[in-house]
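**Q** Submitted below is the structure of interest, expressed as structure tokens.
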Amino acid sequence: MNRLSSAPRNPDLHLFDTELGPHLFLVNGSEVYGIGAAEHERLERALLGPEAAEEIPGLLREFALWDKPRIGDEPLTSPPLRALSLAVAQTCNLGCTYCYAQQGDFGGPAKAMPLDVARAAIDRLLAEAGPGDRVNLAFMGGEPLVNRRVVREATDYAAVQARERGVAMSFSITTNGTLIEESDAEFFEQHGFAVTISLDGANETNDRLRPFKDGRGSYARILERVAPCLARQQRMQVSARVTVTPRNLELPETLRTFVDLGFHSVGFSPMLSAPSGQDTMGKDDLAIFLEQMIECGRAFEEETIAGRRYPFANLATALREIHRGTHRPYPCGAGAGYMGVSAEGDLSACHRFVRDPAGAMGNLTDGRDETRQNEWLRERHVHRQEPCRSCWARYLCGGGCHHEVIHRGRPACDYIRGWLHWCLGAYVRLLAARPDFFESVPEHSAN
């Protein structure tokens, strides 16, 4: 794909072409419009002119597409907690060189979360929720199943406490899969867990990137241990998450393998910031990554048009967000409605900031540091980020992962814009070919 086709030319709109003609993505409100050739030509001419900043708003008003800003400069202020991730085990049995958690212990001594800390975290989460609210409790690591007892007892405690308060509690766990037991699969199904398995490719590809600490490969062990979860998933959903490095860029092959194994969804995430500096993606790697993602996207289109489900999570998520007209000033809930909890009970902006002062947010004993939280929300608002303020993709992207931006900057902007540009075209094509695909997605945004 030509990089220039997705380049930021104007902060108010993005033009793109499909087989169905020219289209306009309106940044304010994240809406998609089909436009005529004459309108397209006038917008293109304005974009190329020296007065684009003044001319584009005038044309959008003429086309009845100008509206008051959906997102202002005011940041969120002291939002209630709606999700916590518990670092129940700050240790791991694998030795992934790129691990953001520095092979599980976050750069400190190995720790296991005591049950009383987990219960205190659950109490704090539920204290900010009322009847009818929905909250999520996630178990992370390191490898959370090193501390299986606390995972199970905390889940049972949370389920009872939430039910008594009329709060809808969901559960999730991210695990390397090597320690899953048959009884874990039964437990996850009983509580309707979203189970994410970290896998970086098939066979030797995964074994290179995710070995045991003694150097042995982990892939065969993971498949053996995950099989009971894949076989049982009804209430539970089992997903594969692939961290992409320069050493595992064969995405279509990986996607097909994991789809055939029965994963409910498969998602890819580029490695942009690693404490070790190893296996991070550079500019050329990200260009290849984009090509591979688009190839996976074409397979998704083909299967969807044929009426077959194809669980490529990255594209499925992008299509839902485009259809809903998602527009947000932050990339995620980190430091807002979502926080991480360390084994000792310290609060952080998310699970990636455990033991990282850049994301410190207080502790369970004294509560959230709302001064720090509100400072974070003010600083991280997309309108205060550069070069985000002039980018057409800012409200779909939200400015990028806070952890990655703080520790590495924004090396992936070209990739993100290129991927979203392609997703907009895929959205238009699928809306025309399979409108029923979007029937369960609210707030239709195409015109």
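A note on labels: chains of the structure tokens are A, B, ... as shown, every chain counts residues from 1, and ligands are counted from 1 in their shown order.
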Hey, what's within 12 Å of segment 358-371 of chain A if we count only C-alpha atoms and toss same-chain stuff fewer than 2 positions away? As a ChimeraX atom specification, please?
**A** /A:76-81,84,86,116-125,127-128,334-356,373-378,380,402-407
**Q** Excluding His23 of chain A and its own-chain neighbours fewer than 5 positions away, which residues fall within 7 Å of it when counting only C-alpha atoms? Please give them as JSON, numbers by chain.
**A** {"A": [15, 16, 17, 33, 34, 35]}
**Q** Residues of segment 261-282 of chain A that have any atom at most 9 Å from an atom of segment 286-304 of chain A: could you tabulate them with the shortest-distance atom pair and the distance in Å to one decimal, using only C-alpha atoms, ordered by chain and increasing number, as a Markdown table?
**A**
```
| residue | atom | partner | partner_atom | distance |
| --- | --- | --- | --- | --- |
| A:Phe268 | CA | A:Met293 | CA | 8.5 |
| A:Pro270 | CA | A:Leu286 | CA | 7.9 |
| A:Met281 | CA | A:Leu286 | CA | 6.2 |
| A:Gly282 | CA | A:Leu286 | CA | 6.2 |
```
**Q** Excluding same-chain residues fewer than 2 positions from Gly215 of chain A, what lies within 12 Å of it counting only C-alpha atoms, as an mmCIF file with N, CA and C atoms, in the first residue's frame?
**A**
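Everything below was put into out-v8.cif:
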```cif
data_model
loop_
_atom_site.group_PDB
_atom_site.id
_atom_site.type_symbol
_atom_site.label_atom_id
_atom_site.label_comp_id
_atom_site.auth_asym_id
_atom_site.auth_seq_id
_atom_site.Cartn_x
_atom_site.Cartn_y
_atom_site.Cartn_z
ATOM 1 N N ASN A 93 7.463 -18.854 34.449
ATOM 2 C CA ASN A 93 8.274 -20.026 34.127
ATOM 3 C C ASN A 93 8.846 -19.983 32.711
ATOM 4 N N LEU A 94 8.483 -18.949 31.936
ATOM 5 C CA LEU A 94 9.055 -18.792 30.603
ATOM 6 C C LEU A 94 10.110 -17.689 30.612
ATOM 7 N N GLY A 95 10.891 -17.645 29.549
ATOM 8 C CA GLY A 95 11.985 -16.683 29.449
ATOM 9 C C GLY A 95 11.920 -15.877 28.174
ATOM 10 N N CYS A 96 10.780 -15.220 27.906
ATOM 11 C CA CYS A 96 10.621 -14.415 26.691
ATOM 12 C C CYS A 96 11.520 -13.178 26.791
ATOM 13 N N THR A 97 12.403 -12.996 25.817
ATOM 14 C CA THR A 97 13.410 -11.944 25.921
ATOM 15 C C THR A 97 12.801 -10.554 25.868
ATOM 16 N N ASP A 207 8.699 -21.458 19.880
ATOM 17 C CA ASP A 207 9.753 -21.952 20.759
ATOM 18 C C ASP A 207 10.962 -21.025 20.779
ATOM 19 N N ARG A 208 11.234 -20.331 19.673
ATOM 20 C CA ARG A 208 12.336 -19.374 19.649
ATOM 21 C C ARG A 208 12.061 -18.178 20.547
ATOM 22 N N LEU A 209 10.807 -17.729 20.538
ATOM 23 C CA LEU A 209 10.457 -16.488 21.229
ATOM 24 C C LEU A 209 9.941 -16.705 22.643
ATOM 25 N N ARG A 210 9.365 -17.870 22.900
ATOM 26 C CA ARG A 210 8.753 -18.108 24.206
ATOM 27 C C ARG A 210 9.243 -19.444 24.784
ATOM 28 N N PRO A 211 10.555 -19.561 25.021
ATOM 29 C CA PRO A 211 11.067 -20.812 25.597
ATOM 30 C C PRO A 211 10.872 -20.837 27.115
ATOM 31 N N PHE A 212 10.951 -22.025 27.675
ATOM 32 C CA PHE A 212 11.089 -22.121 29.122
ATOM 33 C C PHE A 212 12.431 -21.508 29.520
ATOM 34 N N LYS A 213 12.582 -21.193 30.781
ATOM 35 C CA LYS A 213 13.812 -20.532 31.221
ATOM 36 C C LYS A 213 15.042 -21.417 31.067
ATOM 37 N N GLY A 217 11.615 -25.646 24.328
ATOM 38 C CA GLY A 217 10.471 -25.057 23.656
ATOM 39 C C GLY A 217 9.191 -25.271 24.447
ATOM 40 N N SER A 218 8.235 -24.370 24.264
ATOM 41 C CA SER A 218 6.993 -24.425 25.044
ATOM 42 C C SER A 218 5.766 -24.776 24.207
#
```
**Q** For atom CA of Leu430 of chain A and atom CA of Val259 of chain A, quote the distance in Å rounded to one decimal.
**A** 20.8 Å
**Q** Select, from A:Ala154, A:Val160, A:Leu255, A:Leu26, the residue with the minimum atom-to-atom distance to Leu396 of chain A, counting only C-alpha atoms.
**A**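 Ranking A:Ala154, A:Val160, A:Leu255, A:Leu26 by distance to Leu396 of chain A, first place goes to A:Leu26.
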**Q** Using only C-alpha atoms, find the one residue out of A:Pro228, A:Pro75, A:Gly307, A:Pro252 that sits nearest to Asp436 of chain A.
**A**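 Ranking A:Pro228, A:Pro75, A:Gly307, A:Pro252 by distance to Asp436 of chain A, first place goes to A:Gly307.
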**Q** Would you work out the distance separating atom CA of Gln234 of chain A from atom CA of Asp260 of chain A, expressed in Å to one decimal?
**A**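 Distance between the two atoms: 17.3 Å.
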**Q** Got a sec to tell me which of segment 137-273 of chain A DSSP assigns to strand (DSSP E), as a PyMOL selection string?
**A** chain A and resi 137-141+168-175+194-198+237-244+265-270
**Q** In Å, how far is it from atom CA of Arg247 of chain A to atom CA of Tyr100 of chain A?
**A**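 So the two atoms, atom CA of Arg247 of chain A and atom CA of Tyr100 of chain A, lie 17.2 Å apart.
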**Q** Counting only C-alpha atoms, what is within 8 Å of segment 183-185 of chain A, bar same-chain residues fewer than 4 positions away, as an MDAnalysis selection string?
**A** chainID A and resid 189 228:229 232
**Q** Let's have the selection written as a PDB file, in the first residue's frame, with all heavy atoms.
**A**
```pdb
ATOM      1  N   GLU A 189     -14.707 -22.189  32.553  1.00  0.00           N
ATOM      2  CA  GLU A 189     -16.007 -22.330  31.906  1.00  0.00           C
ATOM      3  C   GLU A 189     -17.133 -22.000  32.878  1.00  0.00           C
ATOM      4  O   GLU A 189     -18.103 -21.312  32.527  1.00  0.00           O
ATOM      5  CB  GLU A 189     -16.171 -23.750  31.362  1.00  0.00           C
ATOM      6  CG  GLU A 189     -17.532 -24.058  30.763  1.00  0.00           C
ATOM      7  CD  GLU A 189     -17.860 -23.219  29.536  1.00  0.00           C
ATOM      8  OE1 GLU A 189     -16.937 -22.708  28.876  1.00  0.00           O
ATOM      9  OE2 GLU A 189     -19.069 -23.074  29.235  1.00  0.00           O
ATOM     10  N   PRO A 228      -8.064 -28.717  26.696  1.00  0.00           N
ATOM     11  CA  PRO A 228      -9.330 -28.821  27.437  1.00  0.00           C
ATOM     12  C   PRO A 228     -10.138 -27.526  27.427  1.00  0.00           C
ATOM     13  O   PRO A 228     -11.377 -27.560  27.441  1.00  0.00           O
ATOM     14  CB  PRO A 228      -8.875 -29.184  28.856  1.00  0.00           C
ATOM     15  CG  PRO A 228      -7.534 -29.795  28.690  1.00  0.00           C
ATOM     16  CD  PRO A 228      -6.907 -29.070  27.549  1.00  0.00           C
ATOM     17  N   CYS A 229      -9.459 -26.381  27.411  1.00  0.00           N
ATOM     18  CA  CYS A 229     -10.179 -25.101  27.343  1.00  0.00           C
ATOM     19  C   CYS A 229     -10.845 -24.936  25.985  1.00  0.00           C
ATOM     20  O   CYS A 229     -12.014 -24.529  25.891  1.00  0.00           O
ATOM     21  CB  CYS A 229      -9.215 -23.941  27.592  1.00  0.00           C
ATOM     22  SG  CYS A 229      -8.563 -23.847  29.267  1.00  0.00           S
ATOM     23  N   ARG A 232     -13.949 -27.053  25.755  1.00  0.00           N
ATOM     24  CA  ARG A 232     -15.071 -26.716  26.625  1.00  0.00           C
ATOM     25  C   ARG A 232     -15.719 -25.376  26.314  1.00  0.00           C
ATOM     26  O   ARG A 232     -16.818 -25.102  26.784  1.00  0.00           O
ATOM     27  CB  ARG A 232     -14.604 -26.689  28.087  1.00  0.00           C
ATOM     28  CG  ARG A 232     -14.467 -28.058  28.727  1.00  0.00           C
ATOM     29  CD  ARG A 232     -13.910 -27.899  30.146  1.00  0.00           C
ATOM     30  NE  ARG A 232     -13.935 -29.155  30.881  1.00  0.00           N
ATOM     31  CZ  ARG A 232     -13.045 -30.122  30.744  1.00  0.00           C
ATOM     32  NH1 ARG A 232     -12.071 -29.977  29.866  1.00  0.00           N
ATOM     33  NH2 ARG A 232     -13.143 -31.238  31.452  1.00  0.00           N
TER      34      ARG A 232
END
```
**Q** Among segment 81-226 of chain A, which residues carry a DSSP assignment of helix (DSSP H, G or I), reported as number ranges by chain?
**A** A: 115-127, 144-165, 182-190, 204-209, 219-226
**Q** Report as a compact mmCIF listing (two decimals) with N, CA and C atoms, in the first residue's frame all protein, DNA and RNA residues lying within 7 Å of Ser172 of chain A, evaluated on only C-alpha atoms, omitting residues in the same chain fewer than 5 positions from it.
**A**
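File part_25.txt, as written:
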```txt
# COMPACT_ATOMS: atom_id res chain seq x y z
N LEU A 137 -12.71 -8.12 36.27
CA LEU A 137 -11.55 -8.48 37.08
C LEU A 137 -10.65 -9.37 36.23
N ALA A 138 -9.40 -8.92 36.05
CA ALA A 138 -8.45 -9.66 35.21
C ALA A 138 -7.31 -10.18 36.08
N PHE A 139 -6.81 -11.35 35.71
CA PHE A 139 -5.66 -11.93 36.39
C PHE A 139 -4.49 -11.95 35.40
N PHE A 193 -14.94 -17.16 31.90
CA PHE A 193 -13.72 -16.39 31.70
C PHE A 193 -13.45 -16.09 30.23
N ALA A 194 -12.89 -14.92 29.98
CA ALA A 194 -12.19 -14.65 28.72
C ALA A 194 -10.75 -15.06 28.96
N VAL A 195 -10.32 -16.10 28.29
CA VAL A 195 -8.98 -16.67 28.49
C VAL A 195 -8.11 -16.28 27.30
```
**Q** Would you list the contacts of Tyr219 of chain A as a PyMOL selection string, taking every protein, DNA or RNA residue within 12 Å and counting only C-alpha atoms, but skipping same-chain residues closer than 3 positions in sequence?
**A** chain A and resi 94+176-178+197-212+216+222-226
**Q** Hey, what's within 9 Å of Arg328 of chain A if we count only C-alpha atoms and toss same-chain stuff fewer than 2 positions away? As a list in words, please?
**A**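 Non-adjacent residues within range: Ile71, Thr326, Tyr330, Pro331, Cys332, Val382, Arg394, Tyr395, Leu396, Cys397 and Gly398 of chain A.
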**Q** Just checking: using only C-alpha atoms, which residue out of A:Pro311, A:Pro246, A:Gly399, A:Gly333 ends up closest to Leu261 of chain A?
**A**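 So, comparing all the options, the nearest one is A:Pro311.
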